[in-house]
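Below you'll find the structure, written out as structure tokens, and then a few comments.
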Amino acid sequence: MNHASDVLRLAVLGSGRGSNLQSILDAIDAGTLRARVVCVIADVESAYILTRARQRGIPAHHVDGSPFRTKLEGRAEAEVLRLLEQHATEVVALAGFMRIVKPGLLAAFPNRILNIHPALLPAFPGAESWSQALNYGAKVAGCTVHLVDAGTDTGPIIIQRSVPILEGDTPQTLHARIQEQEHLAFPEALELVARKRLRIDGRRVRILPPQGV
Ligand code: GRF
């Protein structure tokens with residue numbers, strides 16, 4: 001049974017290619033994620049994530065983040081909040097969104113904003129973390145889905161998946177291997193949210209067993 005109220009109303013924010021949006025849509029199609037993407041918002045007008053959304057008939061919005069370059073604040077934050085409200089958003093997924101979200105958005109969606117980060121946090125926060133891992137000489141890399149808090153890639157961890165770093169890896173080959181895991185981890189974490197299976201206790205996120213089994 002799939003009551004309308006069981007379906008999580010999800011907004012996806014991104015800045016780039018949108019392969020994580022695609023994995024979310026594929027999981028919805030496969031029935032493994034009971035959610036509906038109610039809108040996609042990008043701060044880059046030409047971002048392919050907007051094209052993917054439009055091809056699916058999902059409302060796709062560009063919000064200009066200026067005058068800021070690395071954060072979502074002021075007029076742009078207000079516009080994003082207006083759009084999220086307009087689409088009756090319950091949860092926000094940051095899927096390659098290259099801006100730091102600030103207290104206005106965090107307060108509107110407490111523990112309701114998830115981010116996918118291409119590293120095993122707390123190692124290698126920030127940009128191009130696959131290159132950071134490679135240059136550091138790490139032997140294992142991966143991805144993290146976490147709740148967003150006021151820091152940069154510091155929020156409570158929901159799911160992590162690891163990959164090996166291989167001899168001869170380049171930033172591109174390693175990032176591609178990590179992205180394969182991102183595309184599994186993000187829909188899985190969102191399904192846990194949709195099924196209300198997360199209990200947040202400070203930094204620790206407990207995953208409850210599925211109901212009705
Ligand atoms: C991913 O590697 C994600 O972890 C990072 O930005 C990238 C976005 O990729 N935050 P895509 O736009 O979903 O293809």
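Chain labels A, B, ... are given in the sequence in which chains occur in the structure tokens; within each chain residues are numbered consecutively from 1, and ligands are likewise numbered from 1 in the order shown.
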Compute the set of protein, DNA and RNA residues whose minimum atom distance to ligand 1 is at most 7 Å, using only C-alpha atoms and all ligand atoms, and state it as a PDB file with all heavy atoms, in the first residue's frame.
ATOM      1  N   GLY A  14      21.298  21.274  -6.329  1.00  0.00           N
ATOM      2  CA  GLY A  14      22.582  20.887  -6.913  1.00  0.00           C
ATOM      3  C   GLY A  14      23.202  22.037  -7.683  1.00  0.00           C
ATOM      4  O   GLY A  14      22.601  23.111  -7.834  1.00  0.00           O
ATOM      5  N   SER A  15      24.416  21.760  -8.158  1.00  0.00           N
ATOM      6  CA  SER A  15      25.128  22.771  -8.942  1.00  0.00           C
ATOM      7  C   SER A  15      25.699  22.180 -10.231  1.00  0.00           C
ATOM      8  O   SER A  15      26.283  22.916 -11.020  1.00  0.00           O
ATOM      9  CB  SER A  15      26.312  23.344  -8.133  1.00  0.00           C
ATOM     10  OG  SER A  15      25.898  23.843  -6.887  1.00  0.00           O
ATOM     11  N   GLY A  16      25.569  20.860 -10.410  1.00  0.00           N
ATOM     12  CA  GLY A  16      26.318  20.246 -11.513  1.00  0.00           C
ATOM     13  C   GLY A  16      25.530  19.263 -12.341  1.00  0.00           C
ATOM     14  O   GLY A  16      24.384  19.490 -12.711  1.00  0.00           O
ATOM     15  N   ARG A  17      26.174  18.134 -12.551  1.00  0.00           N
ATOM     16  CA  ARG A  17      25.733  17.113 -13.482  1.00  0.00           C
ATOM     17  C   ARG A  17      24.434  16.419 -13.070  1.00  0.00           C
ATOM     18  O   ARG A  17      23.680  15.949 -13.918  1.00  0.00           O
ATOM     19  CB  ARG A  17      26.861  16.058 -13.492  1.00  0.00           C
ATOM     20  CG  ARG A  17      27.118  15.333 -14.752  1.00  0.00           C
ATOM     21  CD  ARG A  17      28.535  14.755 -14.711  1.00  0.00           C
ATOM     22  NE  ARG A  17      28.757  13.826 -13.613  1.00  0.00           N
ATOM     23  CZ  ARG A  17      28.499  12.518 -13.671  1.00  0.00           C
ATOM     24  NH1 ARG A  17      27.990  11.981 -14.757  1.00  0.00           N
ATOM     25  NH2 ARG A  17      28.760  11.732 -12.647  1.00  0.00           N
ATOM     26  N   GLY A  18      24.234  16.275 -11.782  1.00  0.00           N
ATOM     27  CA  GLY A  18      22.975  15.694 -11.312  1.00  0.00           C
ATOM     28  C   GLY A  18      22.909  14.186 -11.392  1.00  0.00           C
ATOM     29  O   GLY A  18      21.822  13.609 -11.466  1.00  0.00           O
ATOM     30  N   SER A  19      24.062  13.503 -11.337  1.00  0.00           N
ATOM     31  CA  SER A  19      23.986  12.033 -11.368  1.00  0.00           C
ATOM     32  C   SER A  19      23.346  11.504 -10.088  1.00  0.00           C
ATOM     33  O   SER A  19      22.677  10.465 -10.109  1.00  0.00           O
ATOM     34  CB  SER A  19      25.367  11.409 -11.591  1.00  0.00           C
ATOM     35  OG  SER A  19      26.200  11.618 -10.478  1.00  0.00           O
ATOM     36  N   ASN A  20      23.511  12.207  -8.979  1.00  0.00           N
ATOM     37  CA  ASN A  20      22.839  11.776  -7.745  1.00  0.00           C
ATOM     38  C   ASN A  20      21.327  11.981  -7.832  1.00  0.00           C
ATOM     39  O   ASN A  20      20.565  11.158  -7.337  1.00  0.00           O
ATOM     40  CB  ASN A  20      23.420  12.489  -6.522  1.00  0.00           C
ATOM     41  CG  ASN A  20      24.712  11.843  -6.053  1.00  0.00           C
ATOM     42  OD1 ASN A  20      24.694  10.776  -5.450  1.00  0.00           O
ATOM     43  ND2 ASN A  20      25.839  12.473  -6.370  1.00  0.00           N
ATOM     44  N   LEU A  21      20.891  13.071  -8.461  1.00  0.00           N
ATOM     45  CA  LEU A  21      19.449  13.238  -8.710  1.00  0.00           C
ATOM     46  C   LEU A  21      18.950  12.044  -9.513  1.00  0.00           C
ATOM     47  O   LEU A  21      17.894  11.472  -9.206  1.00  0.00           O
ATOM     48  CB  LEU A  21      19.175  14.540  -9.476  1.00  0.00           C
ATOM     49  CG  LEU A  21      17.743  14.657 -10.018  1.00  0.00           C
ATOM     50  CD1 LEU A  21      16.722  14.753  -8.891  1.00  0.00           C
ATOM     51  CD2 LEU A  21      17.608  15.843 -10.972  1.00  0.00           C
ATOM     52  N   ILE A  49      21.762  19.247 -13.994  1.00  0.00           N
ATOM     53  CA  ILE A  49      20.747  18.761 -13.056  1.00  0.00           C
ATOM     54  C   ILE A  49      19.378  19.383 -13.370  1.00  0.00           C
ATOM     55  O   ILE A  49      18.347  18.731 -13.230  1.00  0.00           O
ATOM     56  CB  ILE A  49      21.181  19.026 -11.583  1.00  0.00           C
ATOM     57  CG1 ILE A  49      20.299  18.234 -10.616  1.00  0.00           C
ATOM     58  CG2 ILE A  49      21.187  20.500 -11.237  1.00  0.00           C
ATOM     59  CD1 ILE A  49      20.809  18.252  -9.163  1.00  0.00           C
ATOM     60  N   ALA A  95      22.619  17.585  -3.406  1.00  0.00           N
ATOM     61  CA  ALA A  95      23.244  16.610  -4.306  1.00  0.00           C
ATOM     62  C   ALA A  95      24.234  17.349  -5.187  1.00  0.00           C
ATOM     63  O   ALA A  95      23.919  17.752  -6.310  1.00  0.00           O
ATOM     64  CB  ALA A  95      22.170  15.914  -5.141  1.00  0.00           C
ATOM     65  N   GLY A  96      25.420  17.595  -4.614  1.00  0.00           N
ATOM     66  CA  GLY A  96      26.424  18.358  -5.356  1.00  0.00           C
ATOM     67  C   GLY A  96      26.107  19.842  -5.360  1.00  0.00           C
ATOM     68  O   GLY A  96      26.400  20.539  -6.333  1.00  0.00           O
ATOM     69  N   PHE A  97      25.527  20.321  -4.264  1.00  0.00           N
ATOM     70  CA  PHE A  97      25.225  21.759  -4.148  1.00  0.00           C
ATOM     71  C   PHE A  97      26.460  22.437  -3.560  1.00  0.00           C
ATOM     72  O   PHE A  97      26.878  22.119  -2.442  1.00  0.00           O
ATOM     73  CB  PHE A  97      24.009  21.968  -3.242  1.00  0.00           C
ATOM     74  CG  PHE A  97      23.503  23.383  -3.211  1.00  0.00           C
ATOM     75  CD1 PHE A  97      23.082  24.020  -4.374  1.00  0.00           C
ATOM     76  CD2 PHE A  97      23.441  24.081  -2.014  1.00  0.00           C
ATOM     77  CE1 PHE A  97      22.604  25.326  -4.350  1.00  0.00           C
ATOM     78  CE2 PHE A  97      22.958  25.389  -1.971  1.00  0.00           C
ATOM     79  CZ  PHE A  97      22.544  26.003  -3.141  1.00  0.00           C
ATOM     80  N   ILE A 116      25.351  14.658   0.473  1.00  0.00           N
ATOM     81  CA  ILE A 116      26.232  13.557   0.087  1.00  0.00           C
ATOM     82  C   ILE A 116      27.628  14.152  -0.122  1.00  0.00           C
ATOM     83  O   ILE A 116      27.789  15.140  -0.828  1.00  0.00           O
ATOM     84  CB  ILE A 116      25.729  12.828  -1.189  1.00  0.00           C
ATOM     85  CG1 ILE A 116      26.691  11.725  -1.629  1.00  0.00           C
ATOM     86  CG2 ILE A 116      25.488  13.770  -2.358  1.00  0.00           C
ATOM     87  CD1 ILE A 116      26.401  10.402  -1.020  1.00  0.00           C
ATOM     88  N   HIS A 117      28.611  13.533   0.562  1.00  0.00           N
ATOM     89  CA  HIS A 117      29.976  14.042   0.479  1.00  0.00           C
ATOM     90  C   HIS A 117      30.893  12.921  -0.022  1.00  0.00           C
ATOM     91  O   HIS A 117      30.818  11.792   0.488  1.00  0.00           O
ATOM     92  CB  HIS A 117      30.451  14.536   1.851  1.00  0.00           C
ATOM     93  CG  HIS A 117      31.835  15.091   1.810  1.00  0.00           C
ATOM     94  ND1 HIS A 117      32.104  16.328   1.263  1.00  0.00           N
ATOM     95  CD2 HIS A 117      33.021  14.564   2.183  1.00  0.00           C
ATOM     96  CE1 HIS A 117      33.414  16.538   1.323  1.00  0.00           C
ATOM     97  NE2 HIS A 117      33.987  15.488   1.869  1.00  0.00           N
ATOM     98  N   PRO A 118      31.777  13.209  -0.974  1.00  0.00           N
ATOM     99  CA  PRO A 118      32.581  12.150  -1.584  1.00  0.00           C
ATOM    100  C   PRO A 118      33.841  11.799  -0.799  1.00  0.00           C
ATOM    101  O   PRO A 118      34.945  11.765  -1.352  1.00  0.00           O
ATOM    102  CB  PRO A 118      32.902  12.710  -2.971  1.00  0.00           C
ATOM    103  CG  PRO A 118      32.898  14.182  -2.785  1.00  0.00           C
ATOM    104  CD  PRO A 118      31.930  14.485  -1.684  1.00  0.00           C
ATOM    105  N   CYS A 143      32.208   7.493   0.464  1.00  0.00           N
ATOM    106  CA  CYS A 143      31.253   8.600   0.510  1.00  0.00           C
ATOM    107  C   CYS A 143      30.480   8.550   1.832  1.00  0.00           C
ATOM    108  O   CYS A 143      30.419   7.513   2.491  1.00  0.00           O
ATOM    109  CB  CYS A 143      30.283   8.539  -0.663  1.00  0.00           C
ATOM    110  SG  CYS A 143      29.196   7.111  -0.653  1.00  0.00           S
ATOM    111  N   HIS A 175      37.101   9.310  -8.400  1.00  0.00           N
ATOM    112  CA  HIS A 175      35.794   9.961  -8.219  1.00  0.00           C
ATOM    113  C   HIS A 175      34.683   9.104  -8.821  1.00  0.00           C
ATOM    114  O   HIS A 175      33.613   8.949  -8.224  1.00  0.00           O
ATOM    115  CB  HIS A 175      35.793  11.367  -8.838  1.00  0.00           C
ATOM    116  CG  HIS A 175      34.574  12.163  -8.500  1.00  0.00           C
ATOM    117  ND1 HIS A 175      34.077  13.159  -9.294  1.00  0.00           N
ATOM    118  CD2 HIS A 175      33.716  12.084  -7.441  1.00  0.00           C
ATOM    119  CE1 HIS A 175      32.973  13.665  -8.749  1.00  0.00           C
ATOM    120  NE2 HIS A 175      32.746  13.041  -7.623  1.00  0.00           N
ATOM    121  N   GLN A 179      31.522   7.674  -6.888  1.00  0.00           N
ATOM    122  CA  GLN A 179      30.153   8.045  -7.297  1.00  0.00           C
ATOM    123  C   GLN A 179      29.246   6.822  -7.427  1.00  0.00           C
ATOM    124  O   GLN A 179      28.050   6.904  -7.124  1.00  0.00           O
ATOM    125  CB  GLN A 179      30.183   8.850  -8.596  1.00  0.00           C
ATOM    126  CG  GLN A 179      30.591  10.307  -8.319  1.00  0.00           C
ATOM    127  CD  GLN A 179      29.786  11.299  -9.128  1.00  0.00           C
ATOM    128  OE1 GLN A 179      29.858  11.299 -10.347  1.00  0.00           O
ATOM    129  NE2 GLN A 179      29.010  12.135  -8.453  1.00  0.00           N
ATOM    130  N   GLU A 182      27.974   6.497  -4.092  1.00  0.00           N
ATOM    131  CA  GLU A 182      27.049   7.590  -3.763  1.00  0.00           C
ATOM    132  C   GLU A 182      25.651   7.253  -4.255  1.00  0.00           C
ATOM    133  O   GLU A 182      24.647   7.509  -3.581  1.00  0.00           O
ATOM    134  CB  GLU A 182      27.480   8.897  -4.433  1.00  0.00           C
ATOM    135  CG  GLU A 182      28.773   9.480  -3.921  1.00  0.00           C
ATOM    136  CD  GLU A 182      29.104  10.797  -4.608  1.00  0.00           C
ATOM    137  OE1 GLU A 182      28.276  11.329  -5.364  1.00  0.00           O
ATOM    138  OE2 GLU A 182      30.216  11.292  -4.384  1.00  0.00           O
TER     139      GLU A 182
END
Hey, what's within 6 Å of range 148-156 of chain A if we count only C-alpha atoms and toss same-chain stuff fewer than 5 positions away? As a PyMOL selection string, please?
chain A and resi 113-114+125+203
Within 10 Å of range 54-71 of chain A: each range 7-30 of chain A residue with its shortest pair, only C-alpha atoms, as a Markdown table:
| residue | atom | partner | partner_atom | distance |
| --- | --- | --- | --- | --- |
| A:Ala11 | CA | A:Pro59 | CA | 9.9 |
| A:Val12 | CA | A:Ala60 | CA | 9.6 |
| A:Leu13 | CA | A:His61 | CA | 9.6 |
| A:Ser15 | CA | A:His62 | CA | 9.7 |
| A:Leu25 | CA | A:Arg56 | CA | 9.2 |
For Arg34 in chain A, which residue among A:Glu73, A:Pro110, A:Leu120, A:Val7 is the nearest when counting only C-alpha atoms?
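Counting only C-alpha atoms, the residue closest to Arg34 in chain A is A:Val7.
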Nearest candidate to Gly74 in chain A (options A:Val101, A:Ala133, A:Ala123, A:Ala30; using only C-alpha atoms)
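Residue with the minimum atom-to-atom distance to Gly74 in chain A: A:Val101.
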Using only C-alpha atoms, which of A:Pro187, A:Pro122, A:Pro164, A:Pro210 sits nearest Val140 in chain A?
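Of the candidates, the smallest distance to Val140 in chain A is held by A:Pro164.
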When DSSP works through the backbone of this structure, what residues of range 38-209 of chain A end up as strand (DSSP E), shown as a VMD selection string?
chain A and resid 38 to 42 60 to 62 71 to 72 91 to 94 100 to 101 113 to 117 140 to 147 157 to 164 198 to 201 204 to 207
Of the candidates A:Ile41, A:Leu147, A:Leu83, A:Leu33, which one gets nearest to Leu106 in chain A if we count only C-alpha atoms?
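Selected residue with least distance to Leu106 in chain A: A:Leu147.
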Those in range 35-171 of chain A with helix (DSSP H, G or I) from DSSP, as number ranges by chain
A: 48-55, 74-86, 103-108, 129-136, 171
Export C-alpha atoms of the chosen residues as a tab-separated table (two decimals), in the first residue's frame?
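As written to disk, result36.tsv reads:
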chain	number	residue	atom	x	y	z
A	48	TYR	CA	22.67	19.64	-16.22
A	49	ILE	CA	20.75	18.76	-13.06
A	50	LEU	CA	18.09	21.28	-14.20
A	51	THR	CA	17.87	19.63	-17.63
A	52	ARG	CA	17.40	16.21	-16.04
A	53	ALA	CA	14.58	17.60	-13.91
A	54	ARG	CA	12.85	19.30	-16.85
A	55	GLN	CA	13.07	16.11	-18.91
A	74	GLY	CA	20.36	36.85	1.86
A	75	ARG	CA	18.09	37.24	-1.15
A	76	ALA	CA	19.02	33.85	-2.65
A	77	GLU	CA	18.34	32.01	0.61
A	78	ALA	CA	14.96	33.74	0.88
A	79	GLU	CA	14.13	32.72	-2.69
A	80	VAL	CA	15.09	29.09	-2.05
A	81	LEU	CA	12.97	29.07	1.11
A	82	ARG	CA	10.02	30.49	-0.83
A	83	LEU	CA	10.34	27.77	-3.50
A	84	LEU	CA	10.69	24.99	-0.93
A	85	GLU	CA	7.55	26.21	0.80
A	86	GLN	CA	5.69	26.61	-2.48
A	103	PRO	CA	21.01	29.33	9.60
A	104	GLY	CA	17.90	30.54	7.74
A	105	LEU	CA	17.53	27.29	5.79
A	106	LEU	CA	18.79	25.12	8.66
A	107	ALA	CA	16.16	26.56	11.02
A	108	ALA	CA	13.37	25.97	8.49
A	129	SER	CA	37.91	15.37	-1.52
A	130	TRP	CA	38.76	12.46	-3.85
A	131	SER	CA	41.89	14.41	-4.89
A	132	GLN	CA	42.62	15.16	-1.24
A	133	ALA	CA	42.46	11.42	-0.43
A	134	LEU	CA	44.67	10.52	-3.40
A	135	ASN	CA	47.27	13.18	-2.63
A	136	TYR	CA	47.31	12.18	1.04
A	171	PRO	CA	41.27	11.89	-9.59
Selected residue of minimal separation from Val92 in chain A among A:Val44, A:Ala35, A:Leu184, A:Leu121, counting only C-alpha atoms
A:Ala35
Can you work out the spacing between CA of Val205 in chain A and CA of Ile178 in chain A in Å, to one decimal?
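Value for the CA of Val205 in chain A-CA of Ile178 in chain A distance: 22.5 Å.
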Check which residues of range 89-189 of chain A sit at most 10 Å from range 36-39 of chain A using only C-alpha atoms, and return one row each with the closest pair of atoms and their distance in Å to one decimal, ordered by chain and rising number, as a Markdown table.
| residue | atom | partner | partner_atom | distance |
| --- | --- | --- | --- | --- |
| A:Thr89 | CA | A:Val38 | CA | 7.0 |
| A:Glu90 | CA | A:Val38 | CA | 9.6 |
| A:Val91 | CA | A:Val37 | CA | 9.8 |
| A:Val92 | CA | A:Val37 | CA | 9.7 |
| A:Ala93 | CA | A:Val37 | CA | 9.7 |
Next, the residues of the selection above should be written as a compact mmCIF listing (two decimals), in the first residue's frame with C-alpha atoms.
# COMPACT_ATOMS: atom_id res chain seq x y z
CA THR A 89 8.89 20.33 0.76
CA GLU A 90 9.46 17.98 3.69
CA VAL A 91 13.12 17.09 3.20
CA VAL A 92 15.98 18.71 1.26
CA ALA A 93 18.71 16.67 -0.44
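When only C-alpha atoms are used to measure the gap to Ala176 in chain A, the shortest distance among A:Thr32, A:Gly126, A:Arg112, A:Ala141 belongs to A:Ala141.
Rounded to one decimal, CA of Asn115 in chain A and CA of Ile24 in chain A lie 13.1 Å from each other.
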